[in-house]
Amino acid sequence: MNTWIALAATALGCYAVKLAGLLVPAGALERPLVKRLAALLPAALLAALTAQQTFADGRALVLDARAAGLTAAAVALVLRAPFLLVVAAAVLVTAGVRAMGG
C-alpha cells in the first residue's frame, strides 16, 4: 500500500511542478539571468548524474573501472575526438580494467 501512496504523491508532485511552470509570467522567463541559468542547468544536471553513476555504489564512494572509463572519455574529449570515438574509448577502457580484475 505504501508504494501506491508514494506513486500517487509523486504523480501529484510532478503535476504541481508542471502547473507552477505554466503559471510563471512570460516576462520573468525573458530575464537574462533566467535565460543563462536555463542554458546551464541541463549540463550541470548531466554532470551530476554522471558523477553519481560513476563514483557511487549505494551509499559508498568507489573508484573502479567506471572511473577509468570516464577518464578515458575525458581525455578523448580534450583531444577533440568524435563522439562515437569518445564512447568507444570509455567502453573499451572500462571493459579492459574489469577484465584485468580492477
# chains A, B, ... in the order shown; residues from 1 in each chain; ligands from 1
>>> select_by_dssp(residues="region 40-97 of chain A", states="helix (DSSP H, G or I)", output="MDAnalysis selection string")
chainID A and resid 40:55 65:78 83:97
>>> select_by_dssp(residues="chain A", states="strand (DSSP E)", output="ChimeraX atom specification")
/A:56-57,60-61
>>> closest_residue(among="A:Tyr15, A:Val78, A:Leu41, A:Ala68", to="Leu92 (chain A)", atoms="only C-alpha atoms")
A:Ala68
